[in-house]
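One file, input19.pdb, is given below (PDB, C-alpha atoms, pLDDT in the B column).
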```pdb
MODEL        1
ATOM      1  CA  MET U   1     -54.157  -6.190  17.306  1.00 81.00           C
ATOM      2  CA  LYS U   2     -54.705  -3.024  19.291  1.00 80.00           C
ATOM      3  CA  THR U   3     -55.893   0.068  17.427  1.00 89.00           C
ATOM      4  CA  VAL U   4     -54.928   3.495  18.679  1.00 95.00           C
ATOM      5  CA  GLU U   5     -56.954   6.496  17.640  1.00 97.00           C
ATOM      6  CA  LEU U   6     -55.001   9.676  17.022  1.00 97.00           C
ATOM      7  CA  PRO U   7     -55.739  13.119  15.632  1.00 97.00           C
ATOM      8  CA  ALA U   8     -55.368  13.081  11.840  1.00 97.00           C
ATOM      9  CA  SER U   9     -52.295  15.296  12.010  1.00 96.00           C
ATOM     10  CA  ILE U  10     -48.810  14.691  10.692  1.00 95.00           C
ATOM     11  CA  ASN U  11     -47.579  15.698  14.156  1.00 95.00           C
ATOM     12  CA  VAL U  12     -48.514  12.244  15.481  1.00 96.00           C
ATOM     13  CA  LEU U  13     -45.835  10.713  13.266  1.00 96.00           C
ATOM     14  CA  GLY U  14     -43.240  10.781  16.044  1.00 95.00           C
ATOM     15  CA  GLU U  15     -45.606   8.944  18.379  1.00 96.00           C
ATOM     16  CA  ILE U  16     -46.344   6.267  15.756  1.00 96.00           C
ATOM     17  CA  ASN U  17     -42.642   5.843  14.988  1.00 96.00           C
ATOM     18  CA  VAL U  18     -41.961   5.150  18.665  1.00 96.00           C
ATOM     19  CA  MET U  19     -44.771   2.564  18.707  1.00 96.00           C
ATOM     20  CA  LEU U  20     -43.225   0.846  15.690  1.00 96.00           C
ATOM     21  CA  GLU U  21     -39.764   0.905  17.283  1.00 96.00           C
ATOM     22  CA  GLN U  22     -41.178  -0.741  20.395  1.00 95.00           C
ATOM     23  CA  SER U  23     -43.171  -3.349  18.428  1.00 94.00           C
ATOM     24  CA  LEU U  24     -40.634  -4.299  15.776  1.00 95.00           C
ATOM     25  CA  THR U  25     -37.676  -5.694  17.646  1.00 95.00           C
ATOM     26  CA  GLY U  26     -35.433  -8.722  17.142  1.00 94.00           C
ATOM     27  CA  PRO U  27     -36.211 -10.505  13.858  1.00 93.00           C
ATOM     28  CA  LEU U  28     -38.785  -7.808  13.005  1.00 95.00           C
ATOM     29  CA  ALA U  29     -36.333  -4.917  13.331  1.00 95.00           C
ATOM     30  CA  PRO U  30     -35.256  -5.018   9.649  1.00 95.00           C
ATOM     31  CA  LEU U  31     -38.841  -4.027   8.762  1.00 96.00           C
ATOM     32  CA  LEU U  32     -38.690  -0.798  10.765  1.00 97.00           C
ATOM     33  CA  PHE U  33     -37.632   1.470   7.891  1.00 98.00           C
ATOM     34  CA  LYS U  34     -40.255   0.129   5.464  1.00 97.00           C
ATOM     35  CA  THR U  35     -43.071   0.177   7.994  1.00 98.00           C
ATOM     36  CA  GLN U  36     -42.320   3.705   9.170  1.00 98.00           C
ATOM     37  CA  LEU U  37     -42.226   4.867   5.560  1.00 98.00           C
ATOM     38  CA  VAL U  38     -45.511   3.176   4.663  1.00 98.00           C
ATOM     39  CA  VAL U  39     -47.274   4.571   7.736  1.00 98.00           C
ATOM     40  CA  GLU U  40     -45.985   8.073   6.989  1.00 98.00           C
ATOM     41  CA  GLU U  41     -47.179   7.953   3.386  1.00 97.00           C
ATOM     42  CA  LEU U  42     -50.668   6.656   4.227  1.00 97.00           C
ATOM     43  CA  LEU U  43     -51.033   8.938   7.241  1.00 97.00           C
ATOM     44  CA  SER U  44     -49.990  11.937   5.123  1.00 95.00           C
ATOM     45  CA  ASN U  45     -52.760  11.122   2.663  1.00 94.00           C
ATOM     46  CA  ILE U  46     -55.292  10.918   5.478  1.00 96.00           C
ATOM     47  CA  CYS U  47     -54.099  14.174   7.050  1.00 94.00           C
ATOM     48  CA  PHE U  48     -54.114  16.171   3.837  1.00 89.00           C
ATOM     49  CA  TYR U  49     -57.080  14.723   1.932  1.00 91.00           C
ATOM     50  CA  ALA U  50     -59.496  12.627   4.017  1.00 94.00           C
ATOM     51  CA  TYR U  51     -61.156  15.446   5.905  1.00 96.00           C
ATOM     52  CA  ASP U  52     -60.808  18.314   3.411  1.00 92.00           C
ATOM     53  CA  GLY U  53     -58.755  20.353   5.857  1.00 84.00           C
ATOM     54  CA  LYS U  54     -61.108  19.786   8.781  1.00 91.00           C
ATOM     55  CA  GLU U  55     -60.149  17.963  11.951  1.00 94.00           C
ATOM     56  CA  GLY U  56     -60.545  14.213  12.063  1.00 97.00           C
ATOM     57  CA  LYS U  57     -59.165  11.003  13.465  1.00 97.00           C
ATOM     58  CA  ALA U  58     -56.775   8.388  12.169  1.00 97.00           C
ATOM     59  CA  GLY U  59     -56.671   4.852  13.512  1.00 97.00           C
ATOM     60  CA  PHE U  60     -53.405   2.941  13.584  1.00 97.00           C
ATOM     61  CA  ALA U  61     -52.712  -0.679  14.420  1.00 97.00           C
ATOM     62  CA  CYS U  62     -49.667  -2.884  14.058  1.00 96.00           C
ATOM     63  CA  GLY U  63     -49.198  -6.540  14.798  1.00 95.00           C
ATOM     64  CA  THR U  64     -48.054  -9.913  13.538  1.00 95.00           C
ATOM     65  CA  VAL U  65     -50.498 -12.040  11.564  1.00 95.00           C
ATOM     66  CA  ASN U  66     -50.442 -15.378   9.825  1.00 93.00           C
ATOM     67  CA  PHE U  67     -50.827 -14.781   6.098  1.00 89.00           C
ATOM     68  CA  ASP U  68     -50.603 -17.589   3.538  1.00 87.00           C
ATOM     69  CA  GLY U  69     -48.976 -19.763   6.179  1.00 90.00           C
ATOM     70  CA  ARG U  70     -46.287 -17.199   6.940  1.00 91.00           C
ATOM     71  CA  GLN U  71     -45.762 -14.944   9.912  1.00 92.00           C
ATOM     72  CA  CYS U  72     -46.110 -11.375   8.702  1.00 95.00           C
ATOM     73  CA  VAL U  73     -46.260  -7.886  10.104  1.00 97.00           C
ATOM     74  CA  MET U  74     -49.515  -6.087   9.370  1.00 97.00           C
ATOM     75  CA  LEU U  75     -50.162  -2.356   9.546  1.00 98.00           C
ATOM     76  CA  GLN U  76     -53.675  -0.970   9.469  1.00 98.00           C
ATOM     77  CA  LEU U  77     -54.645   2.658   8.882  1.00 98.00           C
ATOM     78  CA  THR U  78     -58.237   3.832   9.158  1.00 98.00           C
ATOM     79  CA  ASP U  79     -60.069   7.117   8.828  1.00 98.00           C
ATOM     80  CA  SER U  80     -63.696   8.164   8.673  1.00 97.00           C
ATOM     81  CA  GLY U  81     -63.165  10.739   5.934  1.00 97.00           C
ATOM     82  CA  LYS U  82     -64.525  10.727   2.413  1.00 96.00           C
ATOM     83  CA  PRO U  83     -64.291   7.366   0.587  1.00 95.00           C
ATOM     84  CA  TYR U  84     -60.857   7.026  -0.982  1.00 94.00           C
ATOM     85  CA  ASP U  85     -58.982   3.963  -2.182  1.00 95.00           C
ATOM     86  CA  PRO U  86     -55.353   5.100  -2.359  1.00 94.00           C
ATOM     87  CA  PHE U  87     -54.294   2.104  -4.434  1.00 94.00           C
ATOM     88  CA  ALA U  88     -57.044   2.369  -7.047  1.00 92.00           C
ATOM     89  CA  GLU U  89     -57.360   6.137  -7.237  1.00 87.00           C
ATOM     90  CA  THR U  90     -53.732   7.263  -7.177  1.00 87.00           C
ATOM     91  CA  ALA U  91     -52.146   7.395 -10.611  1.00 86.00           C
ATOM     92  CA  GLU U  92     -48.732   5.793 -11.064  1.00 88.00           C
ATOM     93  CA  PRO U  93     -46.078   8.507 -11.323  1.00 90.00           C
ATOM     94  CA  ASP U  94     -44.208   8.895 -14.611  1.00 90.00           C
ATOM     95  CA  LEU U  95     -40.802   7.672 -13.481  1.00 89.00           C
ATOM     96  CA  ASP U  96     -39.197   8.326 -16.872  1.00 89.00           C
ATOM     97  CA  ALA U  97     -40.077  12.004 -17.176  1.00 91.00           C
ATOM     98  CA  PRO U  98     -37.155  14.462 -17.243  1.00 92.00           C
ATOM     99  CA  ILE U  99     -36.480  16.423 -14.081  1.00 92.00           C
ATOM    100  CA  GLU U 100     -38.251  19.572 -15.295  1.00 91.00           C
ATOM    101  CA  GLU U 101     -41.494  17.624 -15.724  1.00 92.00           C
ATOM    102  CA  ARG U 102     -41.284  15.336 -12.715  1.00 90.00           C
ATOM    103  CA  SER U 103     -43.848  15.883  -9.996  1.00 85.00           C
ATOM    104  CA  VAL U 104     -43.939  14.022  -6.721  1.00 75.00           C
ATOM    105  CA  GLY U 105     -47.685  13.523  -6.842  1.00 76.00           C
ATOM    106  CA  GLY U 106     -48.456   9.863  -6.304  1.00 81.00           C
ATOM    107  CA  LEU U 107     -44.927   9.015  -5.207  1.00 93.00           C
ATOM    108  CA  GLY U 108     -45.955   8.176  -1.654  1.00 95.00           C
ATOM    109  CA  VAL U 109     -48.478   5.556  -2.740  1.00 95.00           C
ATOM    110  CA  HIS U 110     -45.981   4.276  -5.320  1.00 96.00           C
ATOM    111  CA  LEU U 111     -43.475   3.686  -2.503  1.00 97.00           C
ATOM    112  CA  VAL U 112     -46.143   1.850  -0.473  1.00 97.00           C
ATOM    113  CA  ARG U 113     -46.972  -0.415  -3.420  1.00 96.00           C
ATOM    114  CA  GLU U 114     -43.311  -1.206  -4.011  1.00 97.00           C
ATOM    115  CA  LEU U 115     -42.252  -1.753  -0.401  1.00 97.00           C
ATOM    116  CA  ALA U 116     -45.242  -3.761   0.846  1.00 97.00           C
ATOM    117  CA  SER U 117     -45.512  -7.503   0.292  1.00 95.00           C
ATOM    118  CA  HIS U 118     -49.307  -7.162   0.016  1.00 96.00           C
ATOM    119  CA  TYR U 119     -51.786  -4.318   0.383  1.00 97.00           C
ATOM    120  CA  THR U 120     -55.529  -4.003   0.421  1.00 97.00           C
ATOM    121  CA  TYR U 121     -58.155  -1.332   0.888  1.00 97.00           C
ATOM    122  CA  ILE U 122     -61.779  -1.642   1.956  1.00 98.00           C
ATOM    123  CA  ARG U 123     -64.519   0.805   2.806  1.00 97.00           C
ATOM    124  CA  ILE U 124     -66.112  -0.574   5.952  1.00 97.00           C
ATOM    125  CA  ASP U 125     -68.563   0.900   8.487  1.00 95.00           C
ATOM    126  CA  GLY U 126     -68.176   4.340   6.969  1.00 96.00           C
ATOM    127  CA  CYS U 127     -64.378   4.159   7.207  1.00 97.00           C
ATOM    128  CA  ASN U 128     -61.458   3.834   4.828  1.00 98.00           C
ATOM    129  CA  GLN U 129     -59.264   0.965   5.905  1.00 98.00           C
ATOM    130  CA  SER U 130     -55.894   0.113   4.382  1.00 98.00           C
ATOM    131  CA  GLN U 131     -54.048  -3.009   5.430  1.00 98.00           C
ATOM    132  CA  ILE U 132     -50.411  -3.491   4.524  1.00 98.00           C
ATOM    133  CA  ILE U 133     -48.581  -6.758   4.980  1.00 97.00           C
ATOM    134  CA  PHE U 134     -44.826  -7.277   5.156  1.00 97.00           C
ATOM    135  CA  GLU U 135     -43.389 -10.752   4.968  1.00 95.00           C
ATOM    136  CA  ILE U 136     -40.765 -11.228   7.647  1.00 92.00           C
ATOM    137  CA  GLY U 137     -37.368 -11.822   6.113  1.00 79.00           C
ATOM    138  CA  ASP U 138     -38.551 -10.424   2.792  1.00 55.00           C
ATOM    139  CA  SER U 139     -36.104  -7.536   2.831  1.00 49.00           C
ATOM    140  CA  GLU U 140     -33.099  -9.799   3.324  1.00 46.00           C
ATOM    141  CA  ALA U 141     -34.289 -12.046   0.490  1.00 45.00           C
ATOM    142  CA  GLU U 142     -34.637  -9.064  -1.847  1.00 46.00           C
ATOM    143  CA  ASN U 143     -31.154  -7.828  -1.083  1.00 43.00           C
ATOM    144  CA  SER U 144     -29.411 -11.138  -1.630  1.00 37.00           C
TER     145      SER U 144
ATOM    146  CA  MET E   1     -33.077  17.016  11.307  1.00 96.00           C
ATOM    147  CA  GLN E   2     -29.801  18.858  11.624  1.00 97.00           C
ATOM    148  CA  ILE E   3     -28.584  20.850   8.611  1.00 97.00           C
ATOM    149  CA  VAL E   4     -25.037  22.197   8.594  1.00 97.00           C
ATOM    150  CA  VAL E   5     -24.004  24.392   5.670  1.00 96.00           C
ATOM    151  CA  THR E   6     -20.302  25.047   5.132  1.00 97.00           C
ATOM    152  CA  ASP E   7     -19.144  27.605   2.580  1.00 96.00           C
ATOM    153  CA  LEU E   8     -15.910  26.433   0.975  1.00 96.00           C
ATOM    154  CA  PRO E   9     -13.817  28.264  -1.646  1.00 96.00           C
ATOM    155  CA  ASP E  10     -15.105  26.204  -4.571  1.00 96.00           C
ATOM    156  CA  HIS E  11     -18.328  24.601  -3.335  1.00 97.00           C
ATOM    157  CA  ILE E  12     -21.003  24.576  -0.652  1.00 97.00           C
ATOM    158  CA  LEU E  13     -21.147  21.511   1.559  1.00 98.00           C
ATOM    159  CA  VAL E  14     -24.467  20.615   3.164  1.00 98.00           C
ATOM    160  CA  ALA E  15     -24.304  17.941   5.856  1.00 98.00           C
ATOM    161  CA  LEU E  16     -27.626  16.442   6.911  1.00 98.00           C
ATOM    162  CA  THR E  17     -28.217  14.410  10.057  1.00 98.00           C
ATOM    163  CA  GLY E  18     -31.386  12.579  11.058  1.00 98.00           C
ATOM    164  CA  ARG E  19     -34.703  12.016   9.319  1.00 98.00           C
ATOM    165  CA  LEU E  20     -35.906  13.791   6.179  1.00 98.00           C
ATOM    166  CA  ASP E  21     -39.648  13.255   6.542  1.00 98.00           C
ATOM    167  CA  ALA E  22     -42.963  15.105   6.583  1.00 96.00           C
ATOM    168  CA  LEU E  23     -41.997  16.713   9.895  1.00 96.00           C
ATOM    169  CA  SER E  24     -38.587  18.027   8.834  1.00 97.00           C
ATOM    170  CA  ALA E  25     -38.995  18.640   5.087  1.00 97.00           C
ATOM    171  CA  GLY E  26     -40.241  22.199   5.671  1.00 96.00           C
ATOM    172  CA  ASP E  27     -37.046  23.169   7.522  1.00 97.00           C
ATOM    173  CA  PHE E  28     -34.954  21.583   4.813  1.00 98.00           C
ATOM    174  CA  ASP E  29     -36.883  23.462   2.091  1.00 97.00           C
ATOM    175  CA  LEU E  30     -36.236  26.784   3.839  1.00 97.00           C
ATOM    176  CA  LYS E  31     -32.511  26.115   4.139  1.00 97.00           C
ATOM    177  CA  ALA E  32     -32.251  24.755   0.601  1.00 97.00           C
ATOM    178  CA  GLY E  33     -34.181  27.754  -0.712  1.00 96.00           C
ATOM    179  CA  GLU E  34     -31.770  30.159   0.996  1.00 95.00           C
ATOM    180  CA  LEU E  35     -28.638  28.538  -0.287  1.00 94.00           C
ATOM    181  CA  THR E  36     -29.834  28.098  -3.863  1.00 94.00           C
ATOM    182  CA  ALA E  37     -31.321  31.596  -4.117  1.00 92.00           C
ATOM    183  CA  ALA E  38     -27.970  33.219  -4.841  1.00 88.00           C
ATOM    184  CA  GLY E  39     -24.520  32.228  -6.041  1.00 91.00           C
ATOM    185  CA  SER E  40     -23.425  29.621  -8.492  1.00 94.00           C
ATOM    186  CA  LEU E  41     -20.990  27.370  -6.618  1.00 97.00           C
ATOM    187  CA  PRO E  42     -21.692  23.641  -6.804  1.00 98.00           C
ATOM    188  CA  VAL E  43     -23.736  22.262  -3.894  1.00 98.00           C
ATOM    189  CA  LEU E  44     -22.669  18.913  -2.438  1.00 98.00           C
ATOM    190  CA  VAL E  45     -25.068  17.239  -0.022  1.00 98.00           C
ATOM    191  CA  ASP E  46     -23.681  14.696   2.446  1.00 98.00           C
ATOM    192  CA  PHE E  47     -26.375  12.102   3.184  1.00 98.00           C
ATOM    193  CA  SER E  48     -24.217   9.758   5.264  1.00 98.00           C
ATOM    194  CA  ALA E  49     -26.061  10.563   8.516  1.00 98.00           C
ATOM    195  CA  VAL E  50     -29.571  10.555   7.027  1.00 98.00           C
ATOM    196  CA  GLU E  51     -31.183   7.436   8.420  1.00 98.00           C
ATOM    197  CA  TYR E  52     -34.645   7.839   6.904  1.00 98.00           C
ATOM    198  CA  MET E  53     -36.357   9.581   3.997  1.00 98.00           C
ATOM    199  CA  SER E  54     -39.972   9.507   2.796  1.00 98.00           C
ATOM    200  CA  SER E  55     -41.761  11.014  -0.215  1.00 97.00           C
ATOM    201  CA  ALA E  56     -41.793  14.329   1.664  1.00 97.00           C
ATOM    202  CA  GLY E  57     -37.994  14.246   1.514  1.00 97.00           C
ATOM    203  CA  LEU E  58     -38.062  13.243  -2.150  1.00 97.00           C
ATOM    204  CA  ARG E  59     -40.274  16.237  -2.841  1.00 96.00           C
ATOM    205  CA  SER E  60     -37.712  18.509  -1.150  1.00 97.00           C
ATOM    206  CA  LEU E  61     -34.810  17.063  -3.145  1.00 97.00           C
ATOM    207  CA  LEU E  62     -36.750  17.418  -6.385  1.00 96.00           C
ATOM    208  CA  LYS E  63     -37.634  21.020  -5.612  1.00 95.00           C
ATOM    209  CA  MET E  64     -33.981  21.829  -4.881  1.00 97.00           C
ATOM    210  CA  ALA E  65     -32.785  19.986  -7.995  1.00 97.00           C
ATOM    211  CA  LYS E  66     -35.229  21.873 -10.225  1.00 96.00           C
ATOM    212  CA  VAL E  67     -33.956  25.223  -8.934  1.00 95.00           C
ATOM    213  CA  CYS E  68     -30.327  24.195  -9.492  1.00 96.00           C
ATOM    214  CA  LYS E  69     -31.068  22.750 -12.913  1.00 95.00           C
ATOM    215  CA  ALA E  70     -32.811  25.972 -13.993  1.00 94.00           C
ATOM    216  CA  SER E  71     -29.804  28.064 -12.941  1.00 94.00           C
ATOM    217  CA  GLY E  72     -27.247  25.643 -14.362  1.00 95.00           C
ATOM    218  CA  ARG E  73     -25.803  24.904 -10.952  1.00 97.00           C
ATOM    219  CA  ALA E  74     -24.222  21.563 -10.010  1.00 97.00           C
ATOM    220  CA  LEU E  75     -26.018  19.661  -7.241  1.00 98.00           C
ATOM    221  CA  VAL E  76     -24.683  16.306  -6.065  1.00 98.00           C
ATOM    222  CA  PHE E  77     -25.905  13.998  -3.300  1.00 98.00           C
ATOM    223  CA  PHE E  78     -23.438  11.530  -1.822  1.00 98.00           C
ATOM    224  CA  SER E  79     -23.037   8.710   0.716  1.00 98.00           C
ATOM    225  CA  LEU E  80     -26.693   7.637   0.890  1.00 98.00           C
ATOM    226  CA  GLN E  81     -27.454   4.809   3.313  1.00 98.00           C
ATOM    227  CA  PRO E  82     -28.827   1.695   1.535  1.00 98.00           C
ATOM    228  CA  ASP E  83     -32.472   2.130   2.654  1.00 97.00           C
ATOM    229  CA  VAL E  84     -32.477   5.795   1.653  1.00 98.00           C
ATOM    230  CA  TYR E  85     -30.855   4.993  -1.691  1.00 98.00           C
ATOM    231  CA  GLU E  86     -33.537   2.339  -2.264  1.00 98.00           C
ATOM    232  CA  VAL E  87     -36.275   4.951  -1.757  1.00 98.00           C
ATOM    233  CA  CYS E  88     -34.579   7.131  -4.399  1.00 98.00           C
ATOM    234  CA  ARG E  89     -34.242   4.186  -6.760  1.00 97.00           C
ATOM    235  CA  ILE E  90     -37.888   3.109  -6.433  1.00 97.00           C
ATOM    236  CA  ALA E  91     -38.989   6.699  -7.054  1.00 96.00           C
ATOM    237  CA  GLY E  92     -36.869   6.883 -10.211  1.00 95.00           C
ATOM    238  CA  PHE E  93     -34.708   9.615  -8.671  1.00 96.00           C
ATOM    239  CA  THR E  94     -31.432   7.807  -9.347  1.00 96.00           C
ATOM    240  CA  ALA E  95     -32.045   8.686 -13.022  1.00 95.00           C
ATOM    241  CA  ILE E  96     -32.784  12.401 -12.527  1.00 95.00           C
ATOM    242  CA  LEU E  97     -30.571  13.404  -9.578  1.00 97.00           C
ATOM    243  CA  LYS E  98     -26.794  13.188  -9.342  1.00 98.00           C
ATOM    244  CA  ILE E  99     -26.312  10.573  -6.644  1.00 98.00           C
ATOM    245  CA  VAL E 100     -22.817   9.221  -6.067  1.00 98.00           C
ATOM    246  CA  SER E 101     -21.116   6.903  -3.607  1.00 98.00           C
ATOM    247  CA  ASP E 102     -18.845   9.222  -1.637  1.00 98.00           C
ATOM    248  CA  LYS E 103     -17.406  12.714  -1.287  1.00 98.00           C
ATOM    249  CA  ASN E 104     -14.552  12.191  -3.740  1.00 97.00           C
ATOM    250  CA  ALA E 105     -17.007  11.022  -6.372  1.00 98.00           C
ATOM    251  CA  ALA E 106     -19.176  14.050  -5.597  1.00 98.00           C
ATOM    252  CA  LEU E 107     -16.232  16.424  -6.069  1.00 98.00           C
ATOM    253  CA  ALA E 108     -15.429  14.691  -9.358  1.00 97.00           C
ATOM    254  CA  GLU E 109     -19.054  14.893 -10.482  1.00 97.00           C
ATOM    255  CA  ALA E 110     -18.996  18.645  -9.809  1.00 96.00           C
ATOM    256  CA  GLY E 111     -15.693  18.956 -11.719  1.00 94.00           C
ATOM    257  CA  LEU E 112     -13.730  19.917  -8.612  1.00 93.00           C
ATOM    258  CA  ASN E 113     -10.865  17.484  -8.241  1.00 76.00           C
TER     259      ASN E 113
ENDMDL
END
```

Re-express the file's structure as structure tokens.
Amino acid sequence: MKTVELPASINVLGEINVMLEQSLTGPLAPLLFKTQLVVEELLSNICFYAYDGKEGKAGFACGTVNFDGRQCVMLQLTDSGKPYDPFAETAEPDLDAPIEERSVGGLGVHLVRELASHYTYIRIDGCNQSQIIFEIGDSEAENS
Amino acid sequence: MQIVVTDLPDHILVALTGRLDALSAGDFDLKAGELTAAGSLPVLVDFSAVEYMSSAGLRSLLKMAKVCKASGRALVFFSLQPDVYEVCRIAGFTAILKIVSDKNAALAEAGLN
């Protein structure tokens, strides 16, 4: 899996979306929406929080992996900002609150949790690394 | 994202085309802010050509809905594509926003038919 290093800026989103469109074709194409959404949410977190407003880098990789005996698509996001586990440290949003009290804080990570088949975070070599796995064919199974 | 606002005698129609994401949400917020700042006509938002929406888009819709709710103005979203609807559902927005299947249902929801 090839990692590309990009400026930690939301402006690289278009570039990443094109990479995903080129990688996820044929039987992988149904995963395009989910994967683009998950990358946007995790990249947004990196851009806005990892470097406390200073410039930094974000690493992105996408590929197919064998997980639990199944072919899956894996996304990996890395940054060298302050230690932050998005899955452990982001509170679940209150989905039942009335509209006046609803905030969208934490919604991005909530979407990642719900749309991914599996997700994991590790702090490694001074970097935050999130890996997100999507089972191929999962979306069709959920809709049937 | 393309945003086309049409002023009609009894409502305002907003037709969106493209992606409502972190890159376009700012433009949408500006436009939504303008059209909800004055007036009281119901606002109907056509989502049929919105192919993608992230939490940045959800944030924009919530912001717009709060303004309309505070001023007692009807705001209805219609014709969401399945993936976009699913994002709204997972976020719990199908319970707090008026989201309906098509334009006729939107007109009915706003009391206009």

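Minimum atom-to-atom distances from U:Pro98, U:Ala58, U:Cys47, U:Gly126 to Lys82 in chain U were compared using all atoms listed in the file, and the lowest value belongs to U:Gly126.
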
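Closest to chain E among U:Thr3, U:Asn11, U:Thr35, U:Thr78 is U:Asn11, based on all atoms listed in the file.
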
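One distance worth recording is that between CA of Ser101 in chain E and CA of Ile136 in chain U, which is 29.0 Å.
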
Item to complete: Could you please select, counting all atoms listed in the file, the residues of chain E within 6 Å of chain U and state them as a ChimeraX atom specification?
Response: /E:54-55,59,92,96

Practice prompt. List the neighbours of Ser80 in chain U out to 9 Å using all atoms listed in the file; skip same-chain residues closer than 5 positions along the sequence, and give me the result as a list in words.
Written response: Ala50, Tyr51, Gly56, Lys57, Ala58, Asp125, Gly126, Cys127, Asn128 and Gln129 of chain U

Discussion item. Residue by residue, what does the PyMOL selection byres ((chain E and resi 48) around 6) grab here? Present the result as a ChimeraX atom specification.
Written reply: /E:46-47,49-50,79-80

Please dump the current selection as an mmCIF file, in the coordinates of the input; keep C-alpha atoms.
```cif
data_model
loop_
_atom_site.group_PDB
_atom_site.id
_atom_site.type_symbol
_atom_site.label_atom_id
_atom_site.label_comp_id
_atom_site.auth_asym_id
_atom_site.auth_seq_id
_atom_site.Cartn_x
_atom_site.Cartn_y
_atom_site.Cartn_z
ATOM 1 C CA ASP E 46 -23.681 14.696 2.446
ATOM 2 C CA PHE E 47 -26.375 12.102 3.184
ATOM 3 C CA ALA E 49 -26.061 10.563 8.516
ATOM 4 C CA VAL E 50 -29.571 10.555 7.027
ATOM 5 C CA SER E 79 -23.037 8.710 0.716
ATOM 6 C CA LEU E 80 -26.693 7.637 0.890
#
```

What do you get, as a compact mmCIF listing (two decimals) with C-alpha atoms, in the coordinates of the input, if you spell out every residue that the PyMOL selection byres ((chain E and resi 75) around 7) selects here?
```txt
# COMPACT_ATOMS: atom_id res chain seq x y z
CA PRO E 42 -21.69 23.64 -6.80
CA VAL E 43 -23.74 22.26 -3.89
CA LEU E 44 -22.67 18.91 -2.44
CA ALA E 65 -32.78 19.99 -8.00
CA CYS E 68 -30.33 24.20 -9.49
CA ARG E 73 -25.80 24.90 -10.95
CA ALA E 74 -24.22 21.56 -10.01
CA VAL E 76 -24.68 16.31 -6.06
CA PHE E 77 -25.90 14.00 -3.30
CA LYS E 98 -26.79 13.19 -9.34
```

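In this model, the gap between CA of Pro7 in chain U and CA of Asn45 in chain U comes to 13.5 Å.
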
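The interatomic distance for the pair CA of Gly57 in chain E and CA of Ala116 in chain U works out to 19.4 Å.
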
Practice prompt. List, as a PyMOL selection string, every residue that the PyMOL selection byres ((chain U and resi 23-30) around 12) selects in the file provided.
Written response: (chain U and resi 1-2+16-22+31-36+61-64+71-75+134-141+143) or (chain E and resi 83)

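Closest approach to Tyr52 in chain E among E:Leu30, E:Ala25, E:Val67, E:Leu8: E:Ala25, based on all atoms listed in the file.
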
Discussion item. With only C-alpha atoms as the counted atoms, please give the residues lying no more than 12 Å from Ile122 in chain U, apart from itself and same-chain residues fewer than 5 positions off, as an MDAnalysis selection string.
Written reply: chainID U and resid 76:79 83:88 127:132

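Nearest to Leu41 in chain E of all the residues E:Val4, E:Ala22, E:Leu13, E:Leu62 is E:Leu13, counting all atoms listed in the file.
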